[in-house]
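Remarks on the structure that follows.
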Amino acid sequence: MAVETVSMDQIVSLSRRRGFVFPSSEIYGGLGSTYDYGHYGVLLKNNIKARWFEAMILERDDMVALDSAVILHPRVWEASGHVEGFSDPLVDCRTCKLRFRADKLEDSQCGRKPSKHPGETPECDLTEPRQFNLMFETTVGPVQEEGSRAYLRPETAQGIFINFKNVLQIARRRPPFGIAQIGKSFRNEITPGNFLFRVREFEQMEMEFFVPPEESERWYRYWIDERLNWYLRYGLRQSRLRVREHGPEERSHYSQGTSDLEYLYPIGWSELEGVANRGDFDLTRHTEFSTTKLEYVGPDGERYVPHVIEPAVSVERIIVAMLVDAYDEEVVGERERTVLRFHPQIAPVSAAILPLIAKHDGLVSKARSLYEELRKRHSVEYDDNGAIGRRYRRQDEIGTPWAFTIDEQTLSDDTVTVRDRDSLAQERLPIGSVRGWLDDALERDWKTPKAD
Ligand code: GAP
């Protein structure tokens, strides 16, 4: 029987057991809500970023890529509104010394009595709320002095806005066009948690799409659909995805319209990605603060400040959604197996090459040469360690879609067995066709076998 729901604990435990994600600085006791990625975590992350990059840039004519700096001129964050407004209200408890978000007390636990919320017991002694800026501060240059203060970027978006003129002139673009980038962002979250869902250091994938003002509503709707379709294309179940439009009171200061693409995480429906109609807020503010005019001037003299549509997401939130969606347990024969049913283009390893008997020179040599051939183009793994059933289960747990097994029949007719992770079906293929078979299989449409 397949699992219908999965807990965050099951995801955390598998991620750790199979070396996807480790708590960071563990030998020093850990540093709350920071994580390090192990081998399979890195491969998974790289695949998610590559699929985003393909869909957002390589498959389009109206997009360019950018990689801007993490530390920008501090005035950038004054113009963007982050110095003044990027803050959460927090309260301290004088009794238990814990700190809470004032607007999220009902989601928090009292430090002394975890069954209660902060402020609910007679011993709770909460301070008045005060605003806490979420940007990490640092110092540029060798001495800490007036004017040396800078910030680690809390979003990659501002790096895009301040390069608007460069792209317009040098890449010779005219709206509608977009600038996309992937990079680390940092936020000193007061209440991080839920594994990778809310962390202090994360990798954002953001795109700013510059459009003529009168077209902004149409492009806003277009990007909501595009991004939703991207998740469906890479296997997330439709029943676990929804679009939630923000009411006017919920929107950020820059937004003329925002929709969250939400996923049904184990913590409930929560924001996976945001799509915002930012209007002309950013280009206008940077024009004002930098005195450099950020506008589009057409060949016939028409000029306007483009409006901006922004889909923004972190790789971390996608990883959690994809792990949750892919996680499955079932009993096969007498045995239980845990399997990650990733889309084949998302799976960290595309195929495993397994000689049936590890000490058989003939099988090992055939298996090694197939492995050497496949690894030139694909992420593949060679494994001759342990019983074949155990090796299959190890691959299932990291989500490898196919395993090629080299057995004694290979020596007589040059065929191998291919085993499918999801159906467990096995078929024989000529060893010479494996490379082409794998190329084709990776390109095929894929739908999760998990129930909706
Ligand atoms: N440029 C707009 C912007 O940054 P946001 O809603 O604050 O908007 C965009 O963040 C996306 O970044 C979110 O939808 C989420 O995917 C991700 N994100 C934000 N804070 C995060 C955190 N602390 N940990 C992990 N991901 C985060």
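Here, A, B, ... name the chains of the structure tokens in the order displayed, residue numbers run from 1 inside each chain, and ligands are numbered from 1 in the same displayed order.
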Given 8 Å and only C-alpha atoms and all ligand atoms, residues near ligand 1 as number ranges by chain: A: 154-158, 186-187, 189, 192, 196-206, 260, 271-274, 276, 310-318
Let me see the file: selected residues, C-alpha atoms, as a PDB file, in the first residue's frame.
```
ATOM      1  CA  PRO A 154      17.616  39.316   1.352  1.00  0.00           C
ATOM      2  CA  GLU A 155      16.427  38.751  -2.247  1.00  0.00           C
ATOM      3  CA  THR A 156      18.146  38.524  -5.617  1.00  0.00           C
ATOM      4  CA  ALA A 157      15.565  40.769  -7.293  1.00  0.00           C
ATOM      5  CA  GLN A 158      17.278  44.096  -6.534  1.00  0.00           C
ATOM      6  CA  PHE A 186      19.939  35.664   3.449  1.00  0.00           C
ATOM      7  CA  ARG A 187      17.295  36.554   6.017  1.00  0.00           C
ATOM      8  CA  GLU A 189      14.322  34.941  10.265  1.00  0.00           C
ATOM      9  CA  PRO A 192      12.906  29.655  11.105  1.00  0.00           C
ATOM     10  CA  LEU A 196      14.348  23.614   4.701  1.00  0.00           C
ATOM     11  CA  PHE A 197      11.004  25.405   4.467  1.00  0.00           C
ATOM     12  CA  ARG A 198      12.128  28.516   6.347  1.00  0.00           C
ATOM     13  CA  VAL A 199      15.887  28.923   6.653  1.00  0.00           C
ATOM     14  CA  ARG A 200      18.246  31.857   7.095  1.00  0.00           C
ATOM     15  CA  GLU A 201      20.337  31.122   4.013  1.00  0.00           C
ATOM     16  CA  PHE A 202      18.625  29.897   0.847  1.00  0.00           C
ATOM     17  CA  GLU A 203      18.957  29.895  -2.894  1.00  0.00           C
ATOM     18  CA  GLN A 204      16.406  31.951  -4.777  1.00  0.00           C
ATOM     19  CA  MET A 205      15.371  31.591  -8.403  1.00  0.00           C
ATOM     20  CA  GLU A 206      13.839  34.903  -9.407  1.00  0.00           C
ATOM     21  CA  ASP A 260       1.065  32.403  -3.966  1.00  0.00           C
ATOM     22  CA  GLU A 271       3.683  29.266  -0.020  1.00  0.00           C
ATOM     23  CA  LEU A 272       5.911  27.472  -2.481  1.00  0.00           C
ATOM     24  CA  GLU A 273       6.390  30.345  -4.936  1.00  0.00           C
ATOM     25  CA  GLY A 274       5.142  33.916  -5.146  1.00  0.00           C
ATOM     26  CA  ALA A 276       3.855  39.458  -7.943  1.00  0.00           C
ATOM     27  CA  GLU A 310       8.058  38.617 -10.732  1.00  0.00           C
ATOM     28  CA  PRO A 311       7.893  34.870 -10.119  1.00  0.00           C
ATOM     29  CA  ALA A 312      10.145  34.144  -7.100  1.00  0.00           C
ATOM     30  CA  VAL A 313      10.883  30.870  -5.357  1.00  0.00           C
ATOM     31  CA  SER A 314      13.640  29.192  -3.377  1.00  0.00           C
ATOM     32  CA  VAL A 315      15.250  25.901  -4.342  1.00  0.00           C
ATOM     33  CA  GLU A 316      14.717  24.857  -0.713  1.00  0.00           C
ATOM     34  CA  ARG A 317      10.917  25.101  -0.856  1.00  0.00           C
ATOM     35  CA  ILE A 318      10.922  23.132  -4.117  1.00  0.00           C
TER      36      ILE A 318
END
```
Which of region 233-348 of chain A DSSP labels helix (DSSP H, G or I), written as a ChimeraX atom specification: /A:233,238-240,248-250,281-290,315-326
Take the residues just selected and output them with N, CA and C atoms as a PDB file, in the first residue's frame.
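The file below, result11.pdb, is the result:
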```pdb
ATOM      1  N   ARG A 233       4.759  19.810 -14.885  1.00  0.00           N
ATOM      2  CA  ARG A 233       5.664  19.166 -15.840  1.00  0.00           C
ATOM      3  C   ARG A 233       6.689  18.300 -15.111  1.00  0.00           C
ATOM      4  N   GLN A 238      -1.277  17.577  -9.124  1.00  0.00           N
ATOM      5  CA  GLN A 238      -2.154  18.744  -9.259  1.00  0.00           C
ATOM      6  C   GLN A 238      -2.969  18.974  -7.990  1.00  0.00           C
ATOM      7  N   SER A 239      -3.379  17.858  -7.347  1.00  0.00           N
ATOM      8  CA  SER A 239      -4.239  17.988  -6.165  1.00  0.00           C
ATOM      9  C   SER A 239      -3.494  18.619  -4.990  1.00  0.00           C
ATOM     10  N   ARG A 240      -2.161  18.655  -5.058  1.00  0.00           N
ATOM     11  CA  ARG A 240      -1.368  19.235  -3.955  1.00  0.00           C
ATOM     12  C   ARG A 240      -0.915  20.655  -4.251  1.00  0.00           C
ATOM     13  N   PRO A 248      -5.789  42.775  -0.593  1.00  0.00           N
ATOM     14  CA  PRO A 248      -5.010  44.019  -0.600  1.00  0.00           C
ATOM     15  C   PRO A 248      -4.231  44.228   0.697  1.00  0.00           C
ATOM     16  N   GLU A 249      -4.786  43.790   1.853  1.00  0.00           N
ATOM     17  CA  GLU A 249      -4.128  44.035   3.136  1.00  0.00           C
ATOM     18  C   GLU A 249      -2.886  43.162   3.319  1.00  0.00           C
ATOM     19  N   GLU A 250      -2.791  42.095   2.542  1.00  0.00           N
ATOM     20  CA  GLU A 250      -1.700  41.126   2.726  1.00  0.00           C
ATOM     21  C   GLU A 250      -0.497  41.441   1.836  1.00  0.00           C
ATOM     22  N   PHE A 281       7.191  50.246  -9.264  1.00  0.00           N
ATOM     23  CA  PHE A 281       7.772  50.635  -7.985  1.00  0.00           C
ATOM     24  C   PHE A 281       9.309  50.606  -8.012  1.00  0.00           C
ATOM     25  N   ASP A 282       9.890  49.497  -8.428  1.00  0.00           N
ATOM     26  CA  ASP A 282      11.343  49.331  -8.272  1.00  0.00           C
ATOM     27  C   ASP A 282      12.145  50.249  -9.196  1.00  0.00           C
ATOM     28  N   LEU A 283      11.742  50.282 -10.481  1.00  0.00           N
ATOM     29  CA  LEU A 283      12.517  51.120 -11.412  1.00  0.00           C
ATOM     30  C   LEU A 283      12.364  52.597 -11.040  1.00  0.00           C
ATOM     31  N   THR A 284      11.192  52.985 -10.580  1.00  0.00           N
ATOM     32  CA  THR A 284      10.971  54.385 -10.187  1.00  0.00           C
ATOM     33  C   THR A 284      11.826  54.733  -8.963  1.00  0.00           C
ATOM     34  N   ARG A 285      11.833  53.850  -7.981  1.00  0.00           N
ATOM     35  CA  ARG A 285      12.610  54.118  -6.755  1.00  0.00           C
ATOM     36  C   ARG A 285      14.114  54.163  -7.050  1.00  0.00           C
ATOM     37  N   HIS A 286      14.608  53.240  -7.868  1.00  0.00           N
ATOM     38  CA  HIS A 286      16.048  53.270  -8.163  1.00  0.00           C
ATOM     39  C   HIS A 286      16.412  54.479  -9.027  1.00  0.00           C
ATOM     40  N   THR A 287      15.494  54.935  -9.857  1.00  0.00           N
ATOM     41  CA  THR A 287      15.735  56.163 -10.621  1.00  0.00           C
ATOM     42  C   THR A 287      15.888  57.332  -9.641  1.00  0.00           C
ATOM     43  N   GLU A 288      14.980  57.370  -8.661  1.00  0.00           N
ATOM     44  CA  GLU A 288      14.985  58.453  -7.670  1.00  0.00           C
ATOM     45  C   GLU A 288      16.262  58.426  -6.816  1.00  0.00           C
ATOM     46  N   PHE A 289      16.640  57.280  -6.333  1.00  0.00           N
ATOM     47  CA  PHE A 289      17.766  57.180  -5.402  1.00  0.00           C
ATOM     48  C   PHE A 289      19.122  57.245  -6.099  1.00  0.00           C
ATOM     49  N   SER A 290      19.204  56.736  -7.335  1.00  0.00           N
ATOM     50  CA  SER A 290      20.515  56.700  -8.008  1.00  0.00           C
ATOM     51  C   SER A 290      20.679  57.877  -8.958  1.00  0.00           C
ATOM     52  N   VAL A 315      14.996  27.315  -4.035  1.00  0.00           N
ATOM     53  CA  VAL A 315      15.250  25.901  -4.342  1.00  0.00           C
ATOM     54  C   VAL A 315      14.832  25.051  -3.140  1.00  0.00           C
ATOM     55  N   GLU A 316      15.022  25.607  -1.936  1.00  0.00           N
ATOM     56  CA  GLU A 316      14.717  24.857  -0.713  1.00  0.00           C
ATOM     57  C   GLU A 316      13.236  24.476  -0.630  1.00  0.00           C
ATOM     58  N   ARG A 317      12.361  25.431  -0.939  1.00  0.00           N
ATOM     59  CA  ARG A 317      10.917  25.101  -0.856  1.00  0.00           C
ATOM     60  C   ARG A 317      10.538  24.071  -1.916  1.00  0.00           C
ATOM     61  N   ILE A 318      11.214  24.133  -3.072  1.00  0.00           N
ATOM     62  CA  ILE A 318      10.922  23.132  -4.117  1.00  0.00           C
ATOM     63  C   ILE A 318      11.437  21.764  -3.663  1.00  0.00           C
ATOM     64  N   ILE A 319      12.608  21.742  -3.048  1.00  0.00           N
ATOM     65  CA  ILE A 319      13.152  20.453  -2.584  1.00  0.00           C
ATOM     66  C   ILE A 319      12.173  19.801  -1.609  1.00  0.00           C
ATOM     67  N   VAL A 320      11.678  20.580  -0.644  1.00  0.00           N
ATOM     68  CA  VAL A 320      10.758  19.977   0.336  1.00  0.00           C
ATOM     69  C   VAL A 320       9.504  19.476  -0.387  1.00  0.00           C
ATOM     70  N   ALA A 321       8.946  20.293  -1.291  1.00  0.00           N
ATOM     71  CA  ALA A 321       7.727  19.868  -1.998  1.00  0.00           C
ATOM     72  C   ALA A 321       7.996  18.607  -2.816  1.00  0.00           C
ATOM     73  N   MET A 322       9.151  18.562  -3.493  1.00  0.00           N
ATOM     74  CA  MET A 322       9.416  17.403  -4.345  1.00  0.00           C
ATOM     75  C   MET A 322       9.695  16.150  -3.511  1.00  0.00           C
ATOM     76  N   LEU A 323      10.366  16.311  -2.375  1.00  0.00           N
ATOM     77  CA  LEU A 323      10.604  15.148  -1.508  1.00  0.00           C
ATOM     78  C   LEU A 323       9.276  14.612  -0.969  1.00  0.00           C
ATOM     79  N   VAL A 324       8.411  15.536  -0.532  1.00  0.00           N
ATOM     80  CA  VAL A 324       7.123  15.118   0.034  1.00  0.00           C
ATOM     81  C   VAL A 324       6.287  14.420  -1.046  1.00  0.00           C
ATOM     82  N   ASP A 325       6.265  15.021  -2.230  1.00  0.00           N
ATOM     83  CA  ASP A 325       5.449  14.460  -3.304  1.00  0.00           C
ATOM     84  C   ASP A 325       5.977  13.104  -3.766  1.00  0.00           C
ATOM     85  N   ALA A 326       7.302  12.949  -3.710  1.00  0.00           N
ATOM     86  CA  ALA A 326       7.910  11.724  -4.250  1.00  0.00           C
ATOM     87  C   ALA A 326       7.928  10.579  -3.243  1.00  0.00           C
TER      88      ALA A 326
END
```
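Using only C-alpha atoms, the smallest distance between any of A:Val64, A:Ile179, A:Val275, A:Leu356 and Ile224 (chain A) comes from A:Val275.
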Which of region 35-247 of chain A fall in strand (DSSP E), as a PyMOL selection string: chain A and resi 35-37+63-65+87-92+99-101+130-133+137-139+149-151+177-186+201-211+241-245
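The neighbours of Phe210 (chain A) here are the residues that come within 8 Å of it, using only C-alpha atoms and leaving out any residue fewer than 2 positions away in the same chain; they are Pro175, Pro176, Phe177, Gly178, Glu208, Pro212, Pro306, His307, Val308 and Ile309 of chain A.
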How would the residues just picked look written out with N, CA, C and O atoms as a tab-separated table (two decimals), in the first residue's frame?
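Generated output (out_1.tsv):
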```
chain	number	residue	atom	x	y	z
A	175	PRO	N	10.84	45.73	-24.01
A	175	PRO	CA	9.76	45.02	-23.31
A	175	PRO	C	8.75	44.46	-24.34
A	175	PRO	O	8.54	45.10	-25.37
A	176	PRO	N	8.16	43.32	-24.07
A	176	PRO	CA	8.34	42.50	-22.87
A	176	PRO	C	9.60	41.62	-22.94
A	176	PRO	O	9.81	40.94	-23.94
A	177	PHE	N	10.40	41.69	-21.88
A	177	PHE	CA	11.55	40.78	-21.76
A	177	PHE	C	11.83	40.57	-20.27
A	177	PHE	O	11.38	41.36	-19.43
A	178	GLY	N	12.57	39.53	-19.98
A	178	GLY	CA	12.84	39.22	-18.58
A	178	GLY	C	14.33	39.03	-18.30
A	178	GLY	O	15.12	38.75	-19.21
A	208	GLU	N	12.54	38.80	-13.23
A	208	GLU	CA	11.79	40.06	-13.33
A	208	GLU	C	11.45	40.25	-14.80
A	208	GLU	O	12.34	40.29	-15.66
A	212	PRO	N	5.22	46.59	-21.04
A	212	PRO	CA	4.51	47.88	-21.15
A	212	PRO	C	3.41	47.91	-20.08
A	212	PRO	O	2.74	46.89	-19.87
A	306	PRO	N	8.74	50.57	-17.52
A	306	PRO	CA	8.05	49.28	-17.62
A	306	PRO	C	7.52	48.83	-16.26
A	306	PRO	O	8.08	49.18	-15.22
A	307	HIS	N	6.46	48.07	-16.31
A	307	HIS	CA	5.98	47.41	-15.09
A	307	HIS	C	6.63	46.03	-15.02
A	307	HIS	O	7.11	45.51	-16.02
A	308	VAL	N	6.63	45.49	-13.80
A	308	VAL	CA	7.41	44.27	-13.58
A	308	VAL	C	6.53	43.16	-13.01
A	308	VAL	O	5.81	43.37	-12.03
A	309	ILE	N	6.64	41.98	-13.63
A	309	ILE	CA	5.99	40.77	-13.09
A	309	ILE	C	7.11	39.87	-12.59
A	309	ILE	O	8.09	39.64	-13.31
```
Arg444 (chain A): which residues within 10 Å, counting only C-alpha atoms, same-chain residues fewer than 4 positions away excluded, as a PDB file with N, CA, C and O atoms, in the first residue's frame?
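Produced file part_9.pdb, reproduced below:
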```pdb
ATOM      1  N   PRO A 344      12.118  11.637 -13.594  1.00  0.00           N
ATOM      2  CA  PRO A 344      13.466  11.190 -13.977  1.00  0.00           C
ATOM      3  C   PRO A 344      14.458  12.334 -14.217  1.00  0.00           C
ATOM      4  O   PRO A 344      15.654  12.172 -13.965  1.00  0.00           O
ATOM      5  N   GLN A 345      13.976  13.490 -14.673  1.00  0.00           N
ATOM      6  CA  GLN A 345      14.917  14.610 -14.896  1.00  0.00           C
ATOM      7  C   GLN A 345      15.238  15.381 -13.612  1.00  0.00           C
ATOM      8  O   GLN A 345      16.018  16.322 -13.626  1.00  0.00           O
ATOM      9  N   LEU A 438      18.392   5.110 -22.628  1.00  0.00           N
ATOM     10  CA  LEU A 438      18.365   6.029 -21.477  1.00  0.00           C
ATOM     11  C   LEU A 438      18.096   7.467 -21.935  1.00  0.00           C
ATOM     12  O   LEU A 438      17.293   8.186 -21.320  1.00  0.00           O
ATOM     13  N   ASP A 439      18.740   7.865 -23.046  1.00  0.00           N
ATOM     14  CA  ASP A 439      18.476   9.222 -23.581  1.00  0.00           C
ATOM     15  C   ASP A 439      16.983   9.392 -23.851  1.00  0.00           C
ATOM     16  O   ASP A 439      16.380  10.392 -23.459  1.00  0.00           O
ATOM     17  N   ASP A 440      16.377   8.397 -24.517  1.00  0.00           N
ATOM     18  CA  ASP A 440      14.950   8.479 -24.859  1.00  0.00           C
ATOM     19  C   ASP A 440      14.084   8.456 -23.607  1.00  0.00           C
ATOM     20  O   ASP A 440      13.117   9.210 -23.492  1.00  0.00           O
TER      21      ASP A 440
END
```
Shell of 10 Å around Trp402 (chain A), only C-alpha atoms, local chain residues under 3 positions omitted, as a count of residues only: 22
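Candidate residues A:Cys124, A:Ala79, A:Leu236, A:Leu228 were compared for distance to Ala451 (chain A), and the nearest is A:Leu236, using only C-alpha atoms.
Each of A:Glu443, A:Asp125, A:Asp280, A:Asp9 was compared to Tyr234 (chain A) using only C-alpha atoms, and A:Glu443 turns out to be the nearest.
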Within 8 Å of region 15-29 of chain A using only C-alpha atoms, minus same-chain residues under 4 positions, as a VMD selection string: chain A and resid 11 33 to 42 397 to 398
